[in-house]
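Undergrad: Input: one structure, supplied below.
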2 protein chains.
Amino acid sequence: MEQINFIFGIHNHQPTGNFDFVFESAFNKSYKPFIDTLEKFPEIHITLHFSGCLLEWLEDNKPSYIDRIARLVENGNVEILSGGFFEPVLAMLPDRDKIIQIEKLNHYIEKRFGYKPRGLWLTERVWEPGLAKPIAQAGIKYVTVDDYHFLGAGMQQEELDGAFITEEQGYPLWIYPINQNLRYTIPFEDPQDSINYLRKYASEDENRCIVMADDGEKFGVWPGTHDIVFKEKWLEEFFTALQDNQDWLKTKTFAEYYDNHAPKGRIYLPTASYFEMSEWSLPAEAGQKFEEYVDKFEDEGTFADIKPFFKGGMWRNFQYIYDESNWMQKKYLHLSNKLEELREKNPELENNENFQKAREHVLRGTCNCAYWHGLFGGLYLPHLRHAIYSELIKAARIIDQELDEKKFRIETTDLDRDGRDEILVTNTAQELFFVVRPHDGGYIEEFDLTDKSYNVLNTLRRYKEGYHNKVKKATTETNKGASIHDSIRAKEEGLEKLLNYDNQPRKTLHDHFISRSVTLEQFQKGNYFEESDFLKANYDYEIDKRRRSILMKRDGWVNWQPFRVEKHLKFTRAKILVTYKLENKGDDNNSFRFGPEFNFAMLGGDSPDRYFQCDQIELEKSALNSSAVDTDINSMAVVNEYDKFKIIVKSHSSAEFFRFPIETVSHSEDGFERVYQSSVIVPFIFLEFQPGEQKELKFELEVKRL
Amino acid sequence: MEQINFIFGIHNHQPTGNFDFVFESAFNKSYKPFIDTLEKFPEIHITLHFSGCLLEWLEDNKPSYIDRIARLVENGNVEILSGGFFEPVLAMLPDRDKIIQIEKLNHYIEKRFGYKPRGLWLTERVWEPGLAKPIAQAGIKYVTVDDYHFLGAGMQQEELDGAFITEEQGYPLWIYPINQNLRYTIPFEDPQDSINYLRKYASEDENRCIVMADDGEKFGVWPGTHDIVFKEKWLEEFFTALQDNQDWLKTKTFAEYYDNHAPKGRIYLPTASYFEMSEWSLPAEAGQKFEEYVDKFEDEGTFADIKPFFKGGMWRNFQYIYDESNWMQKKYLHLSNKLEELREKNPELENNENFQKAREHVLRGTCNCAYWHGLFGGLYLPHLRHAIYSELIKAARIIDQELDEKKFRIETTDLDRDGRDEILVTNTAQELFFVVRPHDGGYIEEFDLTDKSYNVLNTLRRYKEGYHNKVKKATTETNKGASIHDSIRAKEEGLEKLLNYDNQPRKTLHDHFISRSVTLEQFQKGNYFEESDFLKANYDYEIDKRRRSILMKRDGWVNWQPFRVEKHLKFTRAKILVTYKLENKGDDNNSFRFGPEFNFAMLGGDSPDRYFQCDQIELEKSALNSSAVDTDINSMAVVNEYDKFKIIVKSHSSAEFFRFPIETVSHSEDGFERVYQSSVIVPFIFLEFQPGEQKELKFELEVKRL
């Protein structure tokens, strides 16, 4: 009798930090109706995965939904996969944390669903050969990744009708290939098409098996899919067809297959994710070329043939493309390592409540969505990054206050692993944390209000993206039902005007030297010249721990004349006092506007409870996404009533204050969108130097809790 | 002043098991004259790497050569890189062994050259992201890999003028990109071309650096290169040009650059090696397609542009393409793990001489050359595989005799990590070791004479290689001076006649059921049908430890009739007694020829001290690469006078003995070549069965030491 085993898997996830209404909407549009439908088909076996982030929300908000799933599990219809609890890309974690995260979800599944999971959903199917070992060490027997991974290892599509076994350092792990054809047709084509496709694989060989596993959000959350899948009953029809054909079409869970079959062969897979990820993870220039070739091959009709060999970047590329992603990930790593060091010194900490809390926060700070960018906002979304920082800052606060107490500490470490040390300033008494980066411009990289779990420098520069050349062509009209991969839409008109790019991060204490003629608009857009080499240069530095200060200095040039900058940062109470000593080392007069840049990532540019404020010019609640030049003032504040703090930028001499927002244009599931990232304040001061002349300028950055 | 830093590195290696005359020839053609030339240029700084395998030979045979290098190191001209001591591909080792291997070479360098090495030569530049951690743990600060690795991560060629920093789980490692342009022009194009190329990179930026590092054998060993490099003085001219241009062209060692510069940026690299390796490591079908596209893109002129995205397999693919490579590697892993288990139980073993010896043998068994196949024979060369097995068998023997003593042991373990257990039979008293594989045909996978450090089943099946379609076009004429990558040559005419392929391994106790009409030639070539499904089927099995026997049984079919085979293996003294019970379970008569296959890998098919022998037909010293059918005999022996053993295949009933060699056709640096792999003996017996009839057949395999 000819037959085929069919494993159907669904992965449901909402990220840490997503808005509650997004969880609620996804639940109503997808997670709930999916189970409503499934319950009608007691003969169908499928596999489900829920990320820990989503499970926590469900337990808090829809516990009876979990009960329903537990009943399906009990009845043998459903297998639940494990995974990294907070849905991290496993490759970015130390092995120790990979195992902790998987075991945490194993434990939950065991407790809630009554059995020990053996399968793992691999976040974003980001595979690296080294993963097999820690995954196996966490008790997992099998994972599933795309057939693209296998084709990339030189296998042929027709061979991919079973499970394969790999190993790392001797630790074995089964890998099931996900069929891309079904991943593209389900739920976008007629259900019968998928049945017909499966029919072609039916044979006398009872070991054959085809896997389709993909995001649950394709069933209801993605634009247009709720109508297709539920209102127009795609899913019910598909399940009906599966049930009607069960004489030859055997729906199986991964576990059922695992228990009754042997692997078809051995395999080693390269670093890979799904094909689209390999494009998204390329830097802009390479990404654009990659896409051009994909289009060319598609036109020539050779794409399907070439695709196995045509490979873009790997997921970890995001960490070198986007410094901001790298910084978050390395901050996580820093804290995770710190906890591990403490635990190694004192193994009893394992049972310490504060230690456990800190570790929970650290782990929660690994949810993948904020660390990368593809079709969805991801890294571009400030609230997702903020959620990560909040968790990490909470962990750091527990460490600093409870586990490794110190009131004030200045230490150096290469936190971001670029080969050069950063300076970490922990002010526990004032609940402040700063990182100063003497290289690349001597700026402040991170600025945390630890009591608020808030990183004021959670900014994102304006990166050139490969897809930006399409922004002009995008329309605001929707194209219902088209696959999310095809449509070019924009959430508002005129986004192409926002396509300005930054050559440096948008942080605090970047030293700008500009000519008198540069306008606010030019400066905001980056259409001007820096008249010096200081902006991204490496400063020498000295730390004076007793005086709580850092002195950075450097010889360079301004207007092509030799010039010296010393900047001295003194951390005093809830304030940083910044003293610049500027010296014209040239033989000629030198004049320019000088201004240090300050950034404030306020999570909303146009929100009534967040605004610019300056009493000197009776500026009352000016929106954080407004641009202006305010002259002859010496201070400007940003106020955040929601999080209850205010930060004041003060110049000891009066200045011309530039202020403007940094807004990015990025992909979202609803098309291109504008995203407010931060508000910039630069107090510019016009300066004229005689040869050999020195001047001193003082600025302050002060935090006030409201 | 415009300038460019230029790092020139040379990697010298000869594999464990290579013939002494090959070492000697490489020394005279390349290693020695290279240093003769270098010594004349005291202002040039270069970096050298010698594998531990080569260093051991040099210490034994040319110690003064090492003294000369030590002087160059002392003078500051030369940096010596570390690496895995026995030149293993690091990715195939457990992390523990990666570190041991690197530290072993570190230690040698420290002792012999007086400094702690910080750089590592990465065997075959096989990179996986997980490697950064163990490499860094072994005290290494930097490695060098191809620019192809970097382009594959989406970087642009023009960015690759410095060193980059990566990390794994927080462990940092610098990576220098090797410039492919220079790798292709040195030493094949005019020396001035390379100088002109470097000139283009000269700039005011004193951080810029270009690296060329490649195999030392390109300088003298590769066909034609000794004349170019030394007789026609390519190297002297190149060094002269470097010296003449030292005002702007700064030759540096990796260490000198590392000490005085910062990394240019962060990077994560995908699984990769050099481009050619990515082609070689594909299975035949994919490899052929890959090559066709490379040719197509080259014709279109788009290849250079597409190449960064066009990626074949990764090195570990060799372990699933070639079961024989996998078996060696997993045997190594098995023994390494066994030693580690023993050490964990008894940490004092670390200082035990036998333990140290066993570990040394295990490590020596990792030399990469025998594990893969590209342009050189590698895996196809029986003496290289034999060298690996010798080391591993020596290690196993010490373990069994000294560390974990047992006279006789039958145990099961999934040694090759295919998800199914093999049966390991250790007969310490008789110095024999067997592995029986109940699945895939119930055959004997490995057959070691442990006192001789000899695996009689060190065979290689005839694989289809992507390049076989070129064998017909190959000529026996040489094309002096052409790059080794371009030429299509053959070491003899008519090799295309040897292009026969095996669908199963060539081991022992494969059960053949063939019709009466199959000739020796058809059988040898594989141009016949198996009349049953037993050849590659999974047998159920029972182990009787007390009786030292294994019973395998299975119901299948012969001539489309139900049929049952039981094969019983009894290990008795230096003998295996094999009893087949065959049963016709069909309703009709059934007749066929039945014969179990035996293989003998004798390391030489046409050698006077190795031959077939059968006194029943006065067969005296018949060459092991001869084919014949000898009828009405009941035994046939293979004799190895060199290694002093004889193995006799005996049938209890008289049979028709097929014997023939397995010869492969593979790439070598001198063109396609025929390689003798093993000699096959199959005693065929014609059998006729009534419905329900059972028959019993007995065979013996006996070892005699000479």
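Chain identifiers are assigned as A, B, and so on, following the order in which chains appear in the structure tokens; residues are numbered from 1 within each chain, and ligands are numbered from 1 in order of appearance.
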Would you give me, as a short mmCIF file (atom, residue, chain, number, x, y, z; two decimals) with N, CA and C atoms, in the first residue's frame, the residues in range 377-595 of chain B that DSSP reads as alpha helix (DSSP H)?
TA:
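Okay, selection18.cif is ready:
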```cif
data_model
loop_
_atom_site.label_atom_id
_atom_site.label_comp_id
_atom_site.auth_asym_id
_atom_site.auth_seq_id
_atom_site.Cartn_x
_atom_site.Cartn_y
_atom_site.Cartn_z
N PRO B 382 45.46 4.37 -0.11
CA PRO B 382 45.37 3.37 0.95
C PRO B 382 46.47 3.53 2.00
N HIS B 383 47.67 3.95 1.59
CA HIS B 383 48.74 4.04 2.60
C HIS B 383 48.49 5.18 3.57
N LEU B 384 47.79 6.23 3.13
CA LEU B 384 47.45 7.31 4.07
C LEU B 384 46.38 6.85 5.05
N ARG B 385 45.37 6.17 4.53
CA ARG B 385 44.34 5.63 5.44
C ARG B 385 44.96 4.62 6.40
N HIS B 386 45.87 3.81 5.84
CA HIS B 386 46.51 2.79 6.67
C HIS B 386 47.28 3.44 7.82
N ALA B 387 47.93 4.56 7.51
CA ALA B 387 48.69 5.26 8.57
C ALA B 387 47.75 5.69 9.68
N ILE B 388 46.57 6.17 9.31
CA ILE B 388 45.58 6.58 10.32
C ILE B 388 45.14 5.37 11.14
N TYR B 389 44.74 4.30 10.42
CA TYR B 389 44.29 3.10 11.15
C TYR B 389 45.40 2.55 12.05
N SER B 390 46.63 2.56 11.55
CA SER B 390 47.74 2.04 12.37
C SER B 390 47.80 2.76 13.70
N GLU B 391 47.73 4.09 13.63
CA GLU B 391 47.82 4.87 14.86
C GLU B 391 46.64 4.55 15.78
N LEU B 392 45.45 4.50 15.19
CA LEU B 392 44.26 4.27 16.02
C LEU B 392 44.27 2.86 16.61
N ILE B 393 44.72 1.90 15.82
CA ILE B 393 44.77 0.52 16.33
C ILE B 393 45.81 0.40 17.43
N LYS B 394 46.93 1.09 17.27
CA LYS B 394 47.95 1.08 18.33
C LYS B 394 47.37 1.64 19.63
N ALA B 395 46.61 2.71 19.49
CA ALA B 395 45.99 3.31 20.68
C ALA B 395 45.02 2.33 21.32
N ALA B 396 44.18 1.72 20.47
CA ALA B 396 43.18 0.78 20.98
C ALA B 396 43.84 -0.39 21.68
N ARG B 397 44.96 -0.83 21.11
CA ARG B 397 45.68 -1.98 21.67
C ARG B 397 46.22 -1.66 23.07
N ILE B 398 46.77 -0.45 23.21
CA ILE B 398 47.26 -0.06 24.54
C ILE B 398 46.09 0.02 25.52
N LEU B 520 32.05 -13.11 -14.24
CA LEU B 520 32.99 -12.42 -13.34
C LEU B 520 33.09 -10.95 -13.73
N GLU B 521 33.22 -10.69 -15.04
CA GLU B 521 33.40 -9.32 -15.49
C GLU B 521 32.20 -8.46 -15.11
N GLN B 522 31.00 -9.00 -15.33
CA GLN B 522 29.79 -8.25 -14.97
C GLN B 522 29.75 -7.99 -13.47
N PHE B 523 30.09 -9.02 -12.72
CA PHE B 523 30.04 -8.88 -11.26
C PHE B 523 31.05 -7.84 -10.79
N GLN B 524 32.23 -7.91 -11.37
CA GLN B 524 33.31 -6.99 -10.99
C GLN B 524 32.92 -5.55 -11.29
N LYS B 525 32.28 -5.37 -12.44
CA LYS B 525 31.90 -4.02 -12.86
C LYS B 525 30.61 -3.53 -12.22
#
```
Undergrad: Just the residues within 8 Å of range 11-23 of chain B, please, counting only C-alpha atoms, with nothing from its chain fewer than 6 positions along; format it as a list of chain:residue names.
TA: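 Those residues are B:Tyr31, B:Leu48, B:His49, B:Phe50, B:Ser51, B:Cys53, B:Leu54, B:Trp57, B:Phe86, B:Glu87, B:Trp121, B:Ala213, B:Asp214, B:Asp215, B:Gly216, B:Glu217, B:Arg364, B:Cys367, B:Asn368, B:Cys369, B:His383, B:Leu384, B:His386, B:Ala387, B:Ile388.
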Undergrad: DSSP on the backbone: what in range 599-684 of chain A comes out strand (DSSP E), as a ChimeraX atom specification?
TA: /A:599-600,610-614,619-623,628-640,645-666,673-684
Undergrad: Hey, can you check how far CA of Lys536 in chain A sits from CA of Arg266 in chain B?
TA: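 A separation of 16.3 Å between them.
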Undergrad: Set the distance at 6 Å and use only C-alpha atoms: which residues neighbour range 24-30 of chain B once local chain neighbours fewer than 2 positions away are removed? I'd like the list as an MDAnalysis selection string.
TA: chainID B and resid 21:22 32:34 219:221
Undergrad: Mind writing the picked residues with all heavy atoms as an mmCIF file, in the first residue's frame?
TA:
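Writing the result to again.cif gives the following:
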```
data_model
loop_
_atom_site.group_PDB
_atom_site.id
_atom_site.type_symbol
_atom_site.label_atom_id
_atom_site.label_comp_id
_atom_site.auth_asym_id
_atom_site.auth_seq_id
_atom_site.Cartn_x
_atom_site.Cartn_y
_atom_site.Cartn_z
ATOM 1 N N PHE B 21 60.511 8.869 0.976
ATOM 2 C CA PHE B 21 61.101 9.532 -0.195
ATOM 3 C C PHE B 21 60.301 10.775 -0.596
ATOM 4 O O PHE B 21 60.838 11.694 -1.178
ATOM 5 C CB PHE B 21 61.257 8.550 -1.368
ATOM 6 C CG PHE B 21 59.968 8.144 -2.034
ATOM 7 C CD1 PHE B 21 59.370 8.952 -3.019
ATOM 8 C CD2 PHE B 21 59.334 6.946 -1.694
ATOM 9 C CE1 PHE B 21 58.187 8.568 -3.643
ATOM 10 C CE2 PHE B 21 58.141 6.572 -2.304
ATOM 11 C CZ PHE B 21 57.569 7.379 -3.280
ATOM 12 N N VAL B 22 59.016 10.795 -0.239
ATOM 13 C CA VAL B 22 58.219 11.993 -0.539
ATOM 14 C C VAL B 22 58.648 13.148 0.368
ATOM 15 O O VAL B 22 58.824 14.283 -0.085
ATOM 16 C CB VAL B 22 56.704 11.716 -0.386
ATOM 17 C CG1 VAL B 22 55.898 12.980 -0.673
ATOM 18 C CG2 VAL B 22 56.269 10.588 -1.307
ATOM 19 N N LYS B 32 63.962 23.271 1.735
ATOM 20 C CA LYS B 32 65.350 23.710 1.897
ATOM 21 C C LYS B 32 65.652 24.926 1.015
ATOM 22 O O LYS B 32 66.112 25.953 1.524
ATOM 23 C CB LYS B 32 66.296 22.555 1.610
ATOM 24 C CG LYS B 32 67.755 22.925 1.822
ATOM 25 C CD LYS B 32 68.684 21.752 1.557
ATOM 26 C CE LYS B 32 70.137 22.212 1.576
ATOM 27 N NZ LYS B 32 70.438 23.169 0.488
ATOM 28 N N PRO B 33 65.414 24.833 -0.311
ATOM 29 C CA PRO B 33 65.789 26.002 -1.132
ATOM 30 C C PRO B 33 65.036 27.277 -0.740
ATOM 31 O O PRO B 33 65.550 28.366 -0.927
ATOM 32 C CB PRO B 33 65.456 25.561 -2.560
ATOM 33 C CG PRO B 33 64.615 24.338 -2.437
ATOM 34 C CD PRO B 33 64.949 23.710 -1.130
ATOM 35 N N PHE B 34 63.835 27.115 -0.174
ATOM 36 C CA PHE B 34 63.103 28.304 0.265
ATOM 37 C C PHE B 34 63.897 29.042 1.348
ATOM 38 O O PHE B 34 64.087 30.260 1.293
ATOM 39 C CB PHE B 34 61.720 27.918 0.794
ATOM 40 C CG PHE B 34 60.799 29.096 0.945
ATOM 41 C CD1 PHE B 34 59.856 29.384 -0.032
ATOM 42 C CD2 PHE B 34 60.891 29.944 2.048
ATOM 43 C CE1 PHE B 34 59.024 30.497 0.085
ATOM 44 C CE2 PHE B 34 60.061 31.049 2.169
ATOM 45 C CZ PHE B 34 59.120 31.325 1.192
ATOM 46 N N PHE B 219 55.814 26.198 -3.780
ATOM 47 C CA PHE B 219 57.159 26.693 -4.071
ATOM 48 C C PHE B 219 58.105 25.505 -4.193
ATOM 49 O O PHE B 219 58.950 25.287 -3.344
ATOM 50 C CB PHE B 219 57.621 27.649 -2.967
ATOM 51 C CG PHE B 219 56.728 28.850 -2.814
ATOM 52 C CD1 PHE B 219 55.580 28.778 -2.036
ATOM 53 C CD2 PHE B 219 57.009 30.042 -3.472
ATOM 54 C CE1 PHE B 219 54.736 29.871 -1.902
ATOM 55 C CE2 PHE B 219 56.164 31.139 -3.342
ATOM 56 C CZ PHE B 219 55.018 31.058 -2.561
ATOM 57 N N GLY B 220 57.911 24.725 -5.239
ATOM 58 C CA GLY B 220 58.884 23.680 -5.504
ATOM 59 C C GLY B 220 58.362 22.266 -5.629
ATOM 60 O O GLY B 220 58.897 21.468 -6.376
ATOM 61 N N VAL B 221 57.270 21.936 -4.914
ATOM 62 C CA VAL B 221 56.795 20.551 -4.970
ATOM 63 C C VAL B 221 55.762 20.359 -6.081
ATOM 64 O O VAL B 221 55.788 19.362 -6.800
ATOM 65 C CB VAL B 221 56.201 20.111 -3.610
ATOM 66 C CG1 VAL B 221 55.625 18.712 -3.694
ATOM 67 C CG2 VAL B 221 57.272 20.170 -2.524
#
```
Undergrad: Can you measure CA of Ser651 in chain B to CA of Arg610 in chain B for me? One decimal in Å is fine.
TA: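 Distance between the two atoms: 22.0 Å.
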Undergrad: Do you know which residues are at most 10 Å from range 427-433 of chain A counting only C-alpha atoms, after dropping those on the same chain fewer than 2 positions away, and could you put them as a PyMOL selection string?
TA: chain A and resi 393+396-397+400-401+405-410+424-425+435+446-455+548+571-575+703
Undergrad: Can you work out which one of B:Asp161, B:Lys621, B:Thr366, B:Glu341 has the shortest atom-to-atom distance to Gly84 in chain B, counting only C-alpha atoms?
TA: B:Thr366
Undergrad: Which residues are near Phe660 in chain A? Cut-off 9 Å, only C-alpha atoms, ignore same chain within fewer than 2 positions. Put them as number ranges by chain.
TA: A: 520, 524, 624-629, 658, 662, 678-681
Undergrad: Please dump the current selection as a PDB file, in the first residue's frame; keep N, CA, C and O atoms.
TA:
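Result file is part25.pdb:
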```pdb
ATOM      1  N   LEU A 520      20.451  73.757   9.997  1.00  0.00           N
ATOM      2  CA  LEU A 520      19.870  72.660  10.764  1.00  0.00           C
ATOM      3  C   LEU A 520      19.480  71.519   9.839  1.00  0.00           C
ATOM      4  O   LEU A 520      19.758  70.346  10.103  1.00  0.00           O
ATOM      5  N   GLN A 524      20.912  67.857  10.023  1.00  0.00           N
ATOM      6  CA  GLN A 524      19.989  66.757  10.323  1.00  0.00           C
ATOM      7  C   GLN A 524      20.084  65.651   9.278  1.00  0.00           C
ATOM      8  O   GLN A 524      20.038  64.464   9.593  1.00  0.00           O
ATOM      9  N   LEU A 624       9.034  65.730  20.600  1.00  0.00           N
ATOM     10  CA  LEU A 624      10.401  65.220  20.485  1.00  0.00           C
ATOM     11  C   LEU A 624      10.795  64.912  19.040  1.00  0.00           C
ATOM     12  O   LEU A 624      11.956  64.642  18.761  1.00  0.00           O
ATOM     13  N   ASN A 625       9.814  64.929  18.138  1.00  0.00           N
ATOM     14  CA  ASN A 625      10.191  64.760  16.732  1.00  0.00           C
ATOM     15  C   ASN A 625      10.182  66.086  15.982  1.00  0.00           C
ATOM     16  O   ASN A 625      10.179  66.116  14.753  1.00  0.00           O
ATOM     17  N   SER A 626      10.203  67.192  16.717  1.00  0.00           N
ATOM     18  CA  SER A 626      10.253  68.493  16.052  1.00  0.00           C
ATOM     19  C   SER A 626      11.702  68.931  15.889  1.00  0.00           C
ATOM     20  O   SER A 626      12.562  68.554  16.674  1.00  0.00           O
ATOM     21  N   SER A 627      11.943  69.723  14.853  1.00  0.00           N
ATOM     22  CA  SER A 627      13.290  70.240  14.602  1.00  0.00           C
ATOM     23  C   SER A 627      13.283  71.744  14.816  1.00  0.00           C
ATOM     24  O   SER A 627      12.339  72.436  14.421  1.00  0.00           O
ATOM     25  N   ALA A 628      14.341  72.243  15.412  1.00  0.00           N
ATOM     26  CA  ALA A 628      14.419  73.689  15.607  1.00  0.00           C
ATOM     27  C   ALA A 628      15.834  74.085  15.988  1.00  0.00           C
ATOM     28  O   ALA A 628      16.633  73.258  16.418  1.00  0.00           O
ATOM     29  N   VAL A 629      16.114  75.369  15.790  1.00  0.00           N
ATOM     30  CA  VAL A 629      17.347  75.953  16.327  1.00  0.00           C
ATOM     31  C   VAL A 629      16.927  77.013  17.330  1.00  0.00           C
ATOM     32  O   VAL A 629      16.166  77.930  16.991  1.00  0.00           O
ATOM     33  N   PHE A 658      20.789  73.163  18.406  1.00  0.00           N
ATOM     34  CA  PHE A 658      20.115  72.409  17.342  1.00  0.00           C
ATOM     35  C   PHE A 658      19.342  71.285  18.033  1.00  0.00           C
ATOM     36  O   PHE A 658      19.862  70.651  18.943  1.00  0.00           O
ATOM     37  N   ILE A 662      15.905  61.705  15.036  1.00  0.00           N
ATOM     38  CA  ILE A 662      16.433  60.696  14.111  1.00  0.00           C
ATOM     39  C   ILE A 662      15.280  59.742  13.829  1.00  0.00           C
ATOM     40  O   ILE A 662      14.738  59.112  14.744  1.00  0.00           O
ATOM     41  N   SER A 678      15.398  58.628  18.083  1.00  0.00           N
ATOM     42  CA  SER A 678      15.925  59.447  19.181  1.00  0.00           C
ATOM     43  C   SER A 678      15.796  60.916  18.837  1.00  0.00           C
ATOM     44  O   SER A 678      15.517  61.280  17.690  1.00  0.00           O
ATOM     45  N   SER A 679      15.976  61.728  19.861  1.00  0.00           N
ATOM     46  CA  SER A 679      16.013  63.170  19.656  1.00  0.00           C
ATOM     47  C   SER A 679      17.431  63.646  19.919  1.00  0.00           C
ATOM     48  O   SER A 679      18.047  63.245  20.911  1.00  0.00           O
ATOM     49  N   VAL A 680      17.899  64.491  19.014  1.00  0.00           N
ATOM     50  CA  VAL A 680      19.268  64.985  19.104  1.00  0.00           C
ATOM     51  C   VAL A 680      19.255  66.411  19.646  1.00  0.00           C
ATOM     52  O   VAL A 680      18.411  67.221  19.252  1.00  0.00           O
ATOM     53  N   ILE A 681      20.176  66.703  20.523  1.00  0.00           N
ATOM     54  CA  ILE A 681      20.421  68.084  20.942  1.00  0.00           C
ATOM     55  C   ILE A 681      21.906  68.359  20.753  1.00  0.00           C
ATOM     56  O   ILE A 681      22.742  67.575  21.221  1.00  0.00           O
TER      57      ILE A 681
END
```
Undergrad: Between A:Ala272, A:Met212, A:Ile399, A:Val578, single out the one closest to chain B, counting only C-alpha atoms.
TA: A:Ala272
Undergrad: Just to confirm, what's the straight-line distance from CA of Phe239 in chain A to CA of Glu124 in chain A in Å (one decimal)?
TA: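 These two atoms are separated by 25.8 Å.
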Undergrad: Neighbours of Glu291 in chain B within 8 Å (only C-alpha atoms; same-chain residues fewer than 4 positions away dropped), as an mmCIF file with N, CA, C and O atoms, in the first residue's frame?
TA:
```
data_model
loop_
_atom_site.group_PDB
_atom_site.id
_atom_site.type_symbol
_atom_site.label_atom_id
_atom_site.label_comp_id
_atom_site.auth_asym_id
_atom_site.auth_seq_id
_atom_site.Cartn_x
_atom_site.Cartn_y
_atom_site.Cartn_z
ATOM 1 N N GLU B 279 33.844 23.341 -3.595
ATOM 2 C CA GLU B 279 33.434 22.492 -4.717
ATOM 3 C C GLU B 279 33.751 21.023 -4.429
ATOM 4 O O GLU B 279 32.912 20.149 -4.623
ATOM 5 N N GLY B 287 28.159 18.515 -7.127
ATOM 6 C CA GLY B 287 29.471 19.028 -7.520
ATOM 7 C C GLY B 287 29.561 19.284 -9.000
ATOM 8 O O GLY B 287 30.122 20.290 -9.446
ATOM 9 N N ASP B 295 31.557 27.383 -14.684
ATOM 10 C CA ASP B 295 31.963 27.566 -16.083
ATOM 11 C C ASP B 295 31.056 28.574 -16.788
ATOM 12 O O ASP B 295 31.520 29.449 -17.510
#
```
Undergrad: Need to verify the contact set: Ile576 in chain B, 6 Å, only C-alpha atoms, exclusion of same-chain residues closer than 2 positions in sequence. Can you return it as number ranges by chain?
TA: B: 570-571, 700-701
Undergrad: Could you dump the residues just selected with N, CA, C and O atoms as a compact mmCIF listing (two decimals), in the first residue's frame?
TA:
```txt
# COMPACT_ATOMS: atom_id res chain seq x y z
N LYS B 570 30.53 -16.94 14.76
CA LYS B 570 31.14 -17.39 16.01
C LYS B 570 32.63 -17.06 15.98
O LYS B 570 33.35 -17.40 15.05
N PHE B 571 33.05 -16.34 17.01
CA PHE B 571 34.44 -15.90 17.08
C PHE B 571 35.21 -16.89 17.93
O PHE B 571 35.02 -16.97 19.14
N GLU B 700 34.51 -20.04 6.72
CA GLU B 700 35.45 -19.67 7.77
C GLU B 700 36.36 -18.57 7.26
O GLU B 700 36.70 -18.52 6.07
N LEU B 701 36.74 -17.73 8.20
CA LEU B 701 37.71 -16.68 7.89
C LEU B 701 38.78 -16.85 8.96
O LEU B 701 38.50 -16.71 10.14
```
